[in-house]
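Next up, start.txt (compact mmCIF, C-alpha atoms):
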# COMPACT_ATOMS: atom_id res chain seq x y z
CA MET L 51 0.00 0.00 0.00
CA ALA L 52 1.41 3.39 -1.01
CA SER L 53 2.28 5.79 1.78
CA ALA L 54 0.73 9.25 2.00
CA ALA L 55 4.12 10.76 1.15
CA SER L 56 4.36 8.78 -2.09
CA THR L 57 0.80 9.51 -3.22
CA PRO L 58 1.04 11.90 -6.20
CA LYS L 59 -0.64 15.25 -5.78
CA THR L 60 -3.43 16.21 -8.16
CA VAL L 61 -3.45 19.03 -10.67
CA LEU L 62 -7.00 19.76 -11.77
CA VAL L 63 -7.44 20.75 -15.38
CA MET L 64 -10.32 22.87 -16.63
CA GLY L 65 -11.02 22.15 -20.30
CA MET L 66 -9.23 18.81 -20.46
CA ASP L 67 -10.57 16.61 -23.23
CA GLU L 68 -9.19 13.29 -24.46
CA ASP L 69 -6.77 15.01 -26.81
CA MET L 70 -5.40 17.32 -24.13
CA ALA L 71 -5.13 14.46 -21.62
CA SER L 72 -2.92 12.68 -24.15
CA ARG L 73 -0.81 15.81 -24.69
CA LEU L 74 -0.35 16.34 -20.95
CA GLY L 75 0.72 12.73 -20.51
CA ARG L 76 3.14 12.98 -23.42
CA ALA L 77 4.67 16.31 -22.35
CA LEU L 78 4.49 16.12 -18.56
CA GLY L 79 4.65 12.44 -17.69
CA HIS L 80 7.91 13.08 -15.81
CA LEU L 81 6.27 15.45 -13.31
CA PRO L 82 5.07 14.10 -9.93
CA TYR L 83 1.40 14.87 -10.53
CA ARG L 84 -1.74 13.17 -11.69
CA PHE L 85 -4.00 15.25 -13.94
CA ALA L 86 -7.77 15.14 -13.49
CA LYS L 87 -10.54 16.95 -15.29
CA LEU L 88 -12.32 19.75 -13.44
CA GLY L 89 -15.90 20.59 -14.36
CA ASP L 90 -17.75 19.64 -17.51
CA ASP L 91 -17.81 20.74 -21.13
CA ALA L 92 -20.40 23.46 -20.52
CA ASP L 93 -18.05 25.19 -18.09
CA THR L 94 -15.58 25.93 -20.90
CA ASP L 95 -18.24 27.02 -23.40
CA PRO L 96 -18.83 30.81 -23.36
CA TRP L 97 -22.46 30.34 -24.43
CA ARG L 98 -23.32 27.75 -21.75
CA CYS L 99 -21.04 28.57 -18.82
CA LYS L 100 -22.66 29.67 -15.54
CA PRO L 101 -19.78 31.19 -13.53
CA ARG L 102 -21.50 31.32 -10.13
CA GLU L 103 -22.66 27.72 -10.43
CA PHE L 104 -19.24 26.57 -11.59
CA LEU L 105 -17.37 28.31 -8.78
CA ALA L 106 -19.65 26.82 -6.11
CA ARG L 107 -19.53 23.33 -7.63
CA ALA L 108 -15.77 23.39 -8.26
CA THR L 109 -14.99 24.68 -4.77
CA ALA L 110 -16.90 21.76 -3.26
CA GLU L 111 -15.22 19.33 -5.68
CA VAL L 112 -11.71 20.48 -4.75
CA ARG L 113 -12.40 20.38 -1.02
CA ALA L 114 -13.76 16.84 -1.37
CA SER L 115 -10.80 15.59 -3.41
CA PRO L 116 -9.40 12.31 -2.01
CA THR L 117 -5.85 13.41 -2.91
CA PRO L 118 -4.18 16.77 -2.19
CA VAL L 119 -4.77 19.35 -4.93
CA ALA L 120 -1.50 21.09 -5.74
CA GLY L 121 -2.91 23.48 -8.30
CA ILE L 122 -5.54 24.20 -10.94
CA ILE L 123 -4.87 25.05 -14.58
CA GLY L 124 -6.95 26.04 -17.60
CA LEU L 125 -6.05 25.00 -21.12
CA ASP L 126 -8.54 27.13 -22.97
CA ASP L 127 -9.24 30.76 -23.65
CA PHE L 128 -12.29 32.27 -21.99
CA PRO L 129 -14.03 31.21 -19.69
CA PRO L 130 -11.16 29.22 -18.05
CA SER L 131 -8.77 32.18 -18.37
CA LEU L 132 -10.94 34.06 -15.84
CA LEU L 133 -12.56 31.27 -13.84
CA VAL L 134 -9.34 29.48 -12.86
CA PRO L 135 -7.74 32.46 -11.06
CA MET L 136 -11.07 33.21 -9.35
CA LEU L 137 -11.34 29.63 -8.11
CA CYS L 138 -7.71 29.44 -6.99
CA ARG L 139 -8.05 32.63 -4.97
CA ARG L 140 -11.07 31.16 -3.21
CA LEU L 141 -9.12 28.04 -2.33
CA GLY L 142 -5.83 29.67 -1.37
CA LEU L 143 -3.95 28.11 -4.29
CA PRO L 144 -1.29 29.96 -6.34
CA ALA L 145 -3.07 32.33 -8.71
CA ASN L 146 -3.01 35.64 -10.52
CA ASP L 147 -5.12 38.55 -9.32
CA LEU L 148 -8.50 38.76 -11.09
CA ALA L 149 -8.19 42.53 -11.55
CA ALA L 150 -4.88 42.04 -13.38
CA VAL L 151 -6.40 39.33 -15.57
CA LEU L 152 -9.30 41.58 -16.50
CA ARG L 153 -6.83 44.30 -17.50
CA CYS L 154 -5.86 41.88 -20.26
CA GLU L 155 -9.13 40.11 -21.04
CA HIS L 156 -11.40 43.19 -21.19
CA LYS L 157 -9.90 44.63 -24.35
CA TRP L 158 -10.99 48.22 -23.77
CA TRP L 159 -9.69 48.26 -20.21
CA SER L 160 -6.51 46.68 -21.57
CA ARG L 161 -6.08 49.47 -24.11
CA LEU L 162 -6.53 52.09 -21.38
CA TRP L 163 -3.75 50.50 -19.31
CA GLN L 164 -1.54 50.07 -22.35
CA ALA L 165 -2.00 53.74 -23.21
CA ARG L 166 -0.73 54.64 -19.73
CA ALA L 167 2.17 52.19 -19.55
CA VAL L 168 3.37 51.87 -23.17
CA PRO L 169 1.71 54.66 -25.20
CA ASP L 170 4.10 54.26 -28.16
CA ALA L 171 2.92 50.66 -28.64
CA VAL L 172 -0.82 51.41 -28.87
CA PRO L 173 -2.89 52.29 -31.98
CA PRO L 174 -5.72 54.85 -31.78
CA PHE L 175 -8.87 53.26 -30.31
CA GLN L 176 -12.46 54.11 -29.41
CA LEU L 177 -15.25 52.44 -27.45
CA ILE L 178 -18.52 51.81 -29.33
CA ASP L 179 -21.89 50.77 -27.90
CA PRO L 180 -23.77 48.83 -30.63
CA ARG L 181 -27.06 49.57 -28.88
CA ARG L 182 -26.74 53.28 -29.63
CA PRO L 183 -26.88 54.81 -33.12
CA LEU L 184 -23.47 56.04 -34.22
CA GLU L 185 -22.84 58.52 -36.99
CA ALA L 186 -19.54 58.42 -38.83
CA SER L 187 -18.94 61.99 -37.72
CA ALA L 188 -18.82 60.77 -34.11
CA LEU L 189 -15.89 58.46 -34.81
CA ALA L 190 -12.60 59.59 -33.35
CA ILE L 191 -10.70 57.43 -35.84
CA GLY L 192 -11.32 57.41 -39.57
CA PHE L 193 -12.08 54.59 -41.98
CA PRO L 194 -10.76 51.99 -42.41
CA PHE L 195 -10.43 50.49 -38.93
CA TRP L 196 -10.69 47.15 -37.14
CA LEU L 197 -13.78 46.44 -35.04
CA LYS L 198 -13.94 43.74 -32.34
CA PRO L 199 -15.78 43.01 -29.09
CA VAL L 200 -14.24 44.12 -25.80
CA LYS L 201 -14.21 40.38 -24.99
CA ALA L 202 -12.40 38.91 -27.96
CA TYR L 203 -12.42 35.17 -28.69
CA MET L 204 -10.70 33.47 -31.65
CA SER L 205 -11.19 36.59 -33.86
CA MET L 206 -14.97 36.06 -33.70
CA PHE L 207 -17.04 39.16 -34.48
CA GLY L 208 -13.86 40.88 -35.66
CA PHE L 209 -14.21 42.86 -38.89
CA LYS L 210 -12.28 45.30 -41.03
CA ILE L 211 -14.60 48.30 -41.48
CA THR L 212 -14.10 50.42 -44.58
CA GLY L 213 -17.26 52.56 -44.50
CA GLU L 214 -20.60 53.37 -42.89
CA THR L 215 -22.50 50.48 -44.52
CA GLU L 216 -20.07 47.90 -43.12
CA LEU L 217 -20.11 49.62 -39.73
CA ARG L 218 -23.91 49.48 -39.50
CA ALA L 219 -23.98 45.83 -40.58
CA ALA L 220 -21.28 44.85 -38.06
CA MET L 221 -23.05 46.72 -35.24
CA GLU L 222 -26.35 45.03 -36.08
CA GLU L 223 -24.70 41.60 -36.07
CA ALA L 224 -22.94 42.34 -32.80
CA GLY L 225 -26.14 43.64 -31.24
CA ALA L 226 -27.94 40.42 -32.20
CA LYS L 227 -25.24 37.83 -31.39
CA LEU L 228 -22.98 39.25 -28.69
CA PRO L 229 -25.40 39.21 -25.71
CA SER L 230 -25.67 35.40 -25.66
CA PHE L 231 -21.90 35.03 -26.10
CA VAL L 232 -20.88 37.49 -23.36
CA SER L 233 -23.52 36.62 -20.74
CA SER L 234 -20.99 34.52 -18.81
CA PHE L 235 -18.35 37.26 -19.16
CA ASP L 236 -20.77 39.83 -17.79
CA GLU L 237 -21.58 37.53 -14.88
CA ILE L 238 -17.87 37.37 -14.07
CA LEU L 239 -17.68 41.17 -14.22
CA SER L 240 -20.49 41.32 -11.67
CA LEU L 241 -18.41 39.12 -9.34
CA ALA L 242 -15.21 41.14 -9.78
CA PRO L 243 -14.11 43.92 -7.40
CA LYS L 244 -15.76 47.17 -8.38
CA ARG L 245 -13.80 50.04 -9.86
CA ALA L 246 -14.60 53.73 -9.68
CA LYS L 247 -14.71 54.08 -13.46
CA HIS L 248 -15.75 52.03 -16.46
CA ASP L 249 -17.83 49.46 -14.55
CA ASP L 250 -20.70 50.03 -16.97
CA VAL L 251 -18.67 48.83 -19.99
CA ASP L 252 -19.94 45.27 -20.27
CA GLY L 253 -19.19 42.61 -22.86
CA THR L 254 -21.72 43.89 -25.40
CA HIS L 255 -19.51 46.88 -26.22
CA LEU L 256 -17.18 47.03 -29.22
CA LEU L 257 -13.72 48.43 -29.69
CA ALA L 258 -12.68 50.32 -32.82
CA GLU L 259 -8.93 50.36 -33.44
CA GLY L 260 -6.76 52.01 -36.04
CA LEU L 261 -5.43 49.53 -38.59
CA MET L 262 -1.97 48.15 -37.94
CA SER L 263 0.34 46.42 -40.37
CA GLY L 264 3.76 44.88 -40.57
CA HIS L 265 5.29 41.65 -39.29
CA GLN L 266 2.74 39.84 -37.10
CA CYS L 267 4.03 37.77 -34.21
CA THR L 268 3.37 36.65 -30.64
CA LEU L 269 5.65 37.00 -27.64
CA GLU L 270 5.18 34.22 -25.06
CA GLY L 271 6.32 34.47 -21.46
CA PHE L 272 5.37 34.44 -17.80
CA VAL L 273 5.56 36.46 -14.59
CA ASP L 274 6.87 34.73 -11.48
CA ARG L 275 7.04 36.61 -8.16
CA GLY L 276 7.05 39.92 -9.99
CA ARG L 277 9.76 38.91 -12.48
CA VAL L 278 8.65 39.25 -16.11
CA VAL L 279 10.28 36.60 -18.33
CA SER L 280 10.03 36.57 -22.12
CA LEU L 281 10.46 33.04 -23.50
CA GLY L 282 10.41 33.71 -27.23
CA VAL L 283 8.63 35.13 -30.24
CA VAL L 284 6.48 33.11 -32.67
CA ASP L 285 5.97 34.48 -36.20
CA SER L 286 2.43 34.48 -37.63
CA ILE L 287 2.14 33.68 -41.34
CA ARG L 288 -1.21 34.73 -42.80
CA PHE L 289 -3.29 33.97 -45.89
CA PRO L 290 -3.78 36.76 -48.47
CA ASN L 291 -6.91 38.00 -46.64
CA ARG L 292 -4.46 39.22 -43.95
CA VAL L 293 -6.73 37.86 -41.19
CA SER L 294 -6.68 34.05 -41.27
CA PHE L 295 -3.50 32.34 -40.10
CA LYS L 296 -1.72 29.84 -42.35
CA ARG L 297 1.02 28.75 -39.93
CA PHE L 298 3.08 29.84 -36.94
CA ASP L 299 6.91 29.60 -36.92
CA TYR L 300 9.27 29.42 -33.95
CA PRO L 301 11.77 30.95 -33.39
CA SER L 302 11.02 34.32 -34.97
CA ARG L 303 13.04 35.70 -37.85
CA LEU L 304 12.89 39.22 -36.40
CA PRO L 305 16.20 40.88 -35.47
CA ARG L 306 17.24 40.46 -31.84
CA ARG L 307 17.01 44.21 -31.16
CA VAL L 308 13.36 44.21 -32.27
CA GLN L 309 12.55 41.25 -30.05
CA GLU L 310 14.26 42.97 -27.12
CA ARG L 311 12.14 46.06 -27.77
CA MET L 312 9.00 43.91 -27.64
CA ALA L 313 10.19 42.35 -24.37
CA GLU L 314 10.63 45.84 -22.87
CA VAL L 315 7.05 46.76 -23.86
CA VAL L 316 5.74 43.56 -22.30
CA GLU L 317 7.66 44.08 -19.05
CA ARG L 318 6.38 47.65 -18.62
CA PHE L 319 2.77 46.68 -19.30
CA PHE L 320 2.54 43.62 -17.06
CA THR L 321 4.36 45.41 -14.24
CA ALA L 322 1.92 48.32 -14.50
CA ILE L 323 -1.21 46.16 -14.24
CA GLY L 324 0.03 44.13 -11.25
CA TYR L 325 0.19 40.87 -13.18
CA ASP L 326 1.91 37.96 -11.42
CA ASN L 327 2.19 34.19 -11.12
CA ALA L 328 0.87 33.44 -14.61
CA GLN L 329 1.77 33.03 -18.25
CA PHE L 330 0.95 35.48 -21.01
CA ASN L 331 1.09 35.90 -24.74
CA VAL L 332 1.09 39.29 -26.43
CA GLU L 333 0.29 39.60 -30.11
CA PHE L 334 2.18 42.32 -32.01
CA PHE L 335 2.52 43.99 -35.35
CA VAL L 336 6.08 45.18 -35.90
CA GLU L 337 6.26 48.09 -38.33
CA ARG L 338 8.57 47.15 -41.18
CA SER L 339 10.11 50.60 -41.65
CA SER L 340 10.75 51.58 -38.03
CA GLY L 341 10.77 48.27 -36.15
CA ARG L 342 8.26 49.75 -33.70
CA PRO L 343 6.10 47.07 -32.01
CA LEU L 344 2.36 47.74 -31.74
CA ILE L 345 0.23 45.62 -29.41
CA ILE L 346 -2.66 43.80 -31.08
CA GLU L 347 -3.80 42.33 -27.77
CA ALA L 348 -2.45 40.98 -24.50
CA ASN L 349 -3.73 37.59 -23.33
CA SER L 350 -3.55 36.25 -19.78
CA ARG L 351 -2.63 32.70 -20.72
CA LEU L 352 -0.26 30.56 -22.73
CA SER L 353 -1.10 29.50 -26.26
CA PRO L 354 -1.62 25.70 -26.09
CA GLN L 355 -1.10 25.60 -29.86
CA PHE L 356 2.50 26.80 -29.39
CA ALA L 357 3.35 24.73 -26.30
CA ASP L 358 5.21 21.94 -28.04
CA LEU L 359 6.90 24.33 -30.50
CA PHE L 360 8.91 25.60 -27.52
CA GLU L 361 9.64 22.03 -26.47
CA LYS L 362 10.88 21.10 -29.95
CA VAL L 363 13.28 24.06 -30.04
CA ASP L 364 14.01 25.00 -26.42
CA GLY L 365 13.56 21.66 -24.68
CA VAL L 366 10.77 22.71 -22.27
CA ASN L 367 7.08 22.50 -23.09
CA THR L 368 5.22 25.62 -21.91
CA LEU L 369 2.54 23.34 -20.47
CA GLN L 370 5.21 22.45 -17.91
CA THR L 371 5.65 26.16 -17.14
CA LEU L 372 1.88 26.40 -16.65
CA VAL L 373 1.89 23.56 -14.11
CA GLU L 374 4.95 24.92 -12.30
CA LEU L 375 3.34 28.33 -11.84
CA ALA L 376 0.06 26.75 -10.73
CA THR L 377 1.81 24.67 -8.07
CA GLY L 378 4.15 27.38 -6.78
CA VAL L 379 7.32 25.91 -8.33
CA PRO L 380 9.80 28.30 -10.00
CA PRO L 381 9.60 27.59 -13.77
CA ALA L 382 12.52 25.70 -15.28
CA GLY L 383 12.76 27.67 -18.53
CA GLY L 384 14.42 26.46 -21.73
CA GLY L 385 17.08 27.87 -24.01
CA ARG L 386 17.60 26.27 -27.45
CA GLN L 387 18.19 22.81 -26.01
CA GLY L 388 15.46 21.04 -27.97
CA GLN L 389 15.66 18.44 -30.71
CA PHE L 390 15.18 20.86 -33.63
CA ARG L 391 16.39 24.26 -34.82
CA MET L 392 12.86 25.35 -35.72
CA ALA L 393 9.22 24.29 -35.45
CA ALA L 394 5.88 25.30 -36.91
CA SER L 395 2.17 24.88 -36.34
CA PHE L 396 0.33 24.53 -39.67
CA VAL L 397 -3.40 25.37 -39.77
CA LEU L 398 -5.77 23.22 -41.83
CA ARG L 399 -8.35 25.69 -43.05
CA SER L 400 -11.21 26.07 -45.53
CA PHE L 401 -12.55 29.33 -46.89
CA GLU L 402 -15.94 27.71 -47.56
CA ASP L 403 -18.39 26.28 -45.05
CA LYS L 404 -18.54 22.52 -45.71
CA LEU L 405 -20.16 19.40 -44.32
CA VAL L 406 -17.59 17.14 -42.64
CA ARG L 407 -17.84 13.61 -44.03
CA ARG L 408 -14.78 12.09 -42.40
CA VAL L 409 -12.03 13.02 -39.94
CA PRO L 410 -8.89 11.09 -38.90
CA GLU L 411 -9.47 8.43 -36.26
CA ALA L 412 -7.09 7.20 -33.55
CA ASP L 413 -5.55 4.59 -35.89
CA ASP L 414 -4.87 7.27 -38.52
CA LEU L 415 -3.15 9.49 -35.97
CA ALA L 416 -1.11 6.58 -34.64
CA ARG L 417 0.19 5.91 -38.17
CA VAL L 418 1.20 9.56 -38.47
CA VAL L 419 3.22 9.43 -35.24
CA GLU L 420 4.83 6.18 -36.33
CA ALA L 421 5.94 7.82 -39.58
CA VAL L 422 6.79 11.26 -38.10
CA PRO L 423 7.41 10.76 -34.35
CA ASP L 424 7.50 14.45 -33.40
CA ALA L 425 4.27 15.30 -35.25
CA LEU L 426 1.40 16.59 -33.13
CA VAL L 427 -2.02 16.58 -34.85
CA ARG L 428 -5.19 18.13 -33.47
CA VAL L 429 -8.54 17.48 -35.14
CA LEU L 430 -10.92 20.43 -34.72
CA ALA L 431 -13.94 19.09 -36.62
CA ASP L 432 -16.49 16.33 -36.08
CA THR L 433 -17.99 13.99 -38.67
CA GLY L 434 -21.50 15.05 -39.62
CA ASP L 435 -21.07 18.69 -38.60
CA ARG L 436 -20.69 21.75 -40.74
CA LEU L 437 -17.41 23.60 -40.25
CA SER L 438 -19.30 26.72 -39.20
CA THR L 439 -20.67 24.96 -36.09
CA SER L 440 -17.20 24.71 -34.54
CA PRO L 441 -16.28 27.48 -32.08
CA HIS L 442 -12.69 27.56 -33.41
CA GLN L 443 -13.34 29.98 -36.29
CA ASP L 444 -12.57 33.55 -37.27
CA SER L 445 -15.03 35.71 -39.20
CA TYR L 446 -13.65 34.78 -42.63
CA SER L 447 -12.71 31.08 -42.67
CA TYR L 448 -13.00 27.68 -40.95
CA ARG L 449 -10.24 25.78 -39.13
CA TYR L 450 -10.53 22.03 -39.00
CA GLY L 451 -7.12 20.88 -37.78
CA LEU L 452 -3.58 21.70 -36.67
CA VAL L 453 -0.28 20.00 -37.50
CA ASN L 454 2.85 20.79 -35.45
CA VAL L 455 6.28 19.54 -36.61
CA GLY L 456 9.93 20.35 -35.99
CA ALA L 457 12.93 20.39 -38.35
CA ASP L 458 16.40 21.80 -38.92
CA SER L 459 15.51 23.78 -42.06
CA GLU L 460 12.43 25.39 -43.54
CA ALA L 461 12.46 23.01 -46.51
CA GLU L 462 12.48 20.03 -44.16
CA LEU L 463 9.73 21.62 -42.08
CA VAL L 464 7.41 22.04 -45.07
CA ALA L 465 8.20 18.55 -46.39
CA LYS L 466 7.35 16.96 -43.02
CA TYR L 467 4.07 18.88 -42.88
CA GLN L 468 3.13 17.81 -46.40
CA ARG L 469 3.90 14.20 -45.53
CA VAL L 470 1.67 14.36 -42.45
CA ARG L 471 -1.11 16.20 -44.32
CA ALA L 472 -1.19 13.50 -46.99
CA MET L 473 -1.80 10.89 -44.28
CA LEU L 474 -4.81 12.65 -42.76
CA PRO L 475 -8.09 11.42 -44.30
CA PHE L 476 -10.28 14.52 -44.01
CA GLU L 477 -13.27 14.42 -46.36
CA PHE L 478 -15.87 17.13 -47.01
CA GLU L 479 -19.02 17.50 -49.05
For this file, write the structure as structure tokens.
Amino acid sequence: MASAASTPKTVLVMGMDEDMASRLGRALGHLPYRFAKLGDDADTDPWRCKPREFLARATAEVRASPTPVAGIIGLDDFPPSLLVPMLCRRLGLPANDLAAVLRCEHKWWSRLWQARAVPDAVPPFQLIDPRRPLEASALAIGFPFWLKPVKAYMSMFGFKITGETELRAAMEEAGAKLPSFVSSFDEILSLAPKRAKHDDVDGTHLLAEGLMSGHQCTLEGFVDRGRVVSLGVVDSIRFPNRVSFKRFDYPSRLPRRVQERMAEVVERFFTAIGYDNAQFNVEFFVERSSGRPLIIEANSRLSPQFADLFEKVDGVNTLQTLVELATGVPPAGGGRQGQFRMAASFVLRSFEDKLVRRVPEADDLARVVEAVPDALVRVLADTGDRLSTSPHQDSYSYRYGLVNVGADSEAELVAKYQRVRAMLPFEFE
């Protein structure tokens, strides 16, 4: 019989499905923890989540756990990005401060803090209430501009606006569809500490931002005991529509001085908002002429899609960093000690809504790993569904899978991806 000292502690995982359980086992099997799912599928669905109910149920579940709970992590965007720190604070587990998280996740509040801390890295922006008529003359920024909800999610409801007709159409769509999407976000706002200003800006509001251009990329890192650490920069390669992502490359091709400038921006912002004990990723445009970084948005979480890219190149999966922060262990970090010189995450995408006739099964994926051992494939579609029913979409296209591979040259990287893609039996009507 195992002694109490040898019993592994539990890390509870919000948003853990079968695929993520496999990834955690593959990446973190060496850690002294067992991973168990927290909550149900509705808790991670913005349309179905009931934050108060979840927090009460999860608190009782943790306190009744038969094994010690060392920490709680979330592997998804919203709602876990907000619910996990709220729950951890209730239970006295390592966690970020909810106010600091909201200064990232509420995109208008985030822009206000960015404008104070790093004004040179912020485009012009304006708050818009879709429930109130807006004349073009009332806009503080001119056409064209980018319009998105103050609670962004996978580029949903994000549109490039070139004139009044598009603005009216986007506001009507937002007015009709946003309330059901942001009801859980607004419930979380009602549970958050009150502020003297801006409390009335709920999730139904929109944010207009001046258009940015240049080299798009994402800086990943974490804050541990007040120390802001930048791990690396991932380049974003887009399709010709300049919105939908084709692939993500690590490490970045940007000059070191530009990456250092981005790291300085990140450190100033996260220090200003009181962010601590958590990972982050900050999306940037870097102006090609000046090298000036402009913040697209700051996110209070890691990107699970990039986690094994860092492992392939640096030797440490960022999922491990997530668990270390959640359990109060100083993160190990990496440093170009991985198996490959570079890695990429390729996005399988359609620009037409289609009916899914077939997706790869477990046997198909096993054959891929046998042929390309470092390949990581995620299937984001279900047989019998239309691509548009998946929540993993932007406003212009439909993702149905991801393929991550590593290599020592770009030619090898592309060849490995093409080999894996040819082995995946996706079929559409």
Polymer residues at most 8 Å from stretch 393-405 of chain L, all atoms listed in the file, same-chain spacing of 6 or more positions, as a PDB file with C-alpha atoms, in the coordinates of the input:
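The resulting file, part_15.pdb, is shown below:
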ATOM      1  CA  PHE L 295      -3.500  32.340 -40.100  1.00  0.00           C
ATOM      2  CA  LYS L 296      -1.720  29.840 -42.350  1.00  0.00           C
ATOM      3  CA  ARG L 297       1.020  28.750 -39.930  1.00  0.00           C
ATOM      4  CA  PHE L 298       3.080  29.840 -36.940  1.00  0.00           C
ATOM      5  CA  ASP L 299       6.910  29.600 -36.920  1.00  0.00           C
ATOM      6  CA  TYR L 300       9.270  29.420 -33.950  1.00  0.00           C
ATOM      7  CA  PRO L 301      11.770  30.950 -33.390  1.00  0.00           C
ATOM      8  CA  GLN L 355      -1.100  25.600 -29.860  1.00  0.00           C
ATOM      9  CA  PHE L 356       2.500  26.800 -29.390  1.00  0.00           C
ATOM     10  CA  LEU L 359       6.900  24.330 -30.500  1.00  0.00           C
ATOM     11  CA  LYS L 362      10.880  21.100 -29.950  1.00  0.00           C
ATOM     12  CA  VAL L 363      13.280  24.060 -30.040  1.00  0.00           C
ATOM     13  CA  GLY L 434     -21.500  15.050 -39.620  1.00  0.00           C
ATOM     14  CA  ASP L 435     -21.070  18.690 -38.600  1.00  0.00           C
ATOM     15  CA  ARG L 436     -20.690  21.750 -40.740  1.00  0.00           C
ATOM     16  CA  LEU L 437     -17.410  23.600 -40.250  1.00  0.00           C
ATOM     17  CA  SER L 438     -19.300  26.720 -39.200  1.00  0.00           C
ATOM     18  CA  TYR L 446     -13.650  34.780 -42.630  1.00  0.00           C
ATOM     19  CA  SER L 447     -12.710  31.080 -42.670  1.00  0.00           C
ATOM     20  CA  TYR L 448     -13.000  27.680 -40.950  1.00  0.00           C
ATOM     21  CA  ARG L 449     -10.240  25.780 -39.130  1.00  0.00           C
ATOM     22  CA  TYR L 450     -10.530  22.030 -39.000  1.00  0.00           C
ATOM     23  CA  GLY L 451      -7.120  20.880 -37.780  1.00  0.00           C
ATOM     24  CA  LEU L 452      -3.580  21.700 -36.670  1.00  0.00           C
ATOM     25  CA  VAL L 453      -0.280  20.000 -37.500  1.00  0.00           C
ATOM     26  CA  ASN L 454       2.850  20.790 -35.450  1.00  0.00           C
ATOM     27  CA  VAL L 455       6.280  19.540 -36.610  1.00  0.00           C
ATOM     28  CA  GLY L 456       9.930  20.350 -35.990  1.00  0.00           C
ATOM     29  CA  ALA L 457      12.930  20.390 -38.350  1.00  0.00           C
ATOM     30  CA  LEU L 463       9.730  21.620 -42.080  1.00  0.00           C
ATOM     31  CA  TYR L 467       4.070  18.880 -42.880  1.00  0.00           C
ATOM     32  CA  PHE L 478     -15.870  17.130 -47.010  1.00  0.00           C
ATOM     33  CA  GLU L 479     -19.020  17.500 -49.050  1.00  0.00           C
TER      34      GLU L 479
END
Using all atoms listed in the file, find each residue of stretch 308-330 of chain L with at least one atom at most 12 Å away from an atom of stretch 122-142 of chain L; report its shortest atom-to-atom pair and that distance in Å (one decimal), sort the rows by chain and rising residue number, and return the result as CSV.
residue,atom,partner,partner_atom,distance
L:Tyr325,CA,L:Pro135,CA,11.8
L:Asp326,CA,L:Pro135,CA,11.1
L:Asn327,CA,L:Pro135,CA,10.1
L:Ala328,CA,L:Pro135,CA,9.4
L:Gln329,CA,L:Ser131,CA,10.6
L:Phe330,CA,L:Ser131,CA,10.6
**OP:** Enter the distance from atom CA of L:Leu162 to atom CA of L:Gln176, in Å, rounded to one decimal.
**Re:** 10.2 Å
**OP:** May I have the protein, DNA and RNA residues with any atom at most 6 Å from the point (8.8, 46.1, -30.7), counting all atoms listed in the file, written as a ChimeraX atom specification?
**Re:** /L:308,311-312,336,342-343
**OP:** List the neighbours of stretch 57-64 of chain L out to 6 Å using all atoms listed in the file; skip same-chain residues closer than 4 positions along the sequence, and give me the result as a VMD selection string.
**Re:** chain L and resid 82 to 88 118 to 124
Subject >> Selected residue, from L:Phe390, L:Phe272, L:Phe334, L:Phe476, that lies nearest to L:Leu415 when counting all atoms listed in the file >> reply: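 Checking each of L:Phe390, L:Phe272, L:Phe334, L:Phe476 against L:Leu415, counting all atoms listed in the file, the winner is L:Phe476.
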Original post:
So how many Å separate atom CA of L:Ala431 and atom CA of L:Ser294, to one decimal?
Top reply: 17.3 Å
Original post:
In Å, with one decimal, what is the gap from atom CA of L:Gly65 to atom CA of L:Trp158?
Top reply: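 Distance reported for this atom pair: 26.3 Å.
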**OP:** Go through L:Gly365, L:Pro305, L:Gly271, L:Pro174 and flag the residue nearest L:Glu333, using all atoms listed in the file for the distances.
**Re:**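 Of L:Gly365, L:Pro305, L:Gly271, L:Pro174, the one nearest L:Glu333, counting all atoms listed in the file, is L:Gly271.
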Give me, as a tab-separated table (two decimals) with C-alpha atoms, keeping the file's coordinate frame, all polymer residues having an atom no more than 12 Å from stretch 229-233 of chain L, counting all atoms listed in the file and skipping those fewer than 4 positions away in the same chain.
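Listed below is the output, around.tsv:
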chain	number	residue	atom	x	y	z
L	95	ASP	CA	-18.24	27.02	-23.40
L	96	PRO	CA	-18.83	30.81	-23.36
L	97	TRP	CA	-22.46	30.34	-24.43
L	98	ARG	CA	-23.32	27.75	-21.75
L	99	CYS	CA	-21.04	28.57	-18.82
L	100	LYS	CA	-22.66	29.67	-15.54
L	101	PRO	CA	-19.78	31.19	-13.53
L	128	PHE	CA	-12.29	32.27	-21.99
L	129	PRO	CA	-14.03	31.21	-19.69
L	156	HIS	CA	-11.40	43.19	-21.19
L	180	PRO	CA	-23.77	48.83	-30.63
L	181	ARG	CA	-27.06	49.57	-28.88
L	199	PRO	CA	-15.78	43.01	-29.09
L	200	VAL	CA	-14.24	44.12	-25.80
L	201	LYS	CA	-14.21	40.38	-24.99
L	202	ALA	CA	-12.40	38.91	-27.96
L	203	TYR	CA	-12.42	35.17	-28.69
L	206	MET	CA	-14.97	36.06	-33.70
L	207	PHE	CA	-17.04	39.16	-34.48
L	222	GLU	CA	-26.35	45.03	-36.08
L	223	GLU	CA	-24.70	41.60	-36.07
L	224	ALA	CA	-22.94	42.34	-32.80
L	225	GLY	CA	-26.14	43.64	-31.24
L	237	GLU	CA	-21.58	37.53	-14.88
L	238	ILE	CA	-17.87	37.37	-14.07
L	239	LEU	CA	-17.68	41.17	-14.22
L	240	SER	CA	-20.49	41.32	-11.67
L	252	ASP	CA	-19.94	45.27	-20.27
L	253	GLY	CA	-19.19	42.61	-22.86
L	254	THR	CA	-21.72	43.89	-25.40
L	255	HIS	CA	-19.51	46.88	-26.22
L	256	LEU	CA	-17.18	47.03	-29.22
L	441	PRO	CA	-16.28	27.48	-32.08
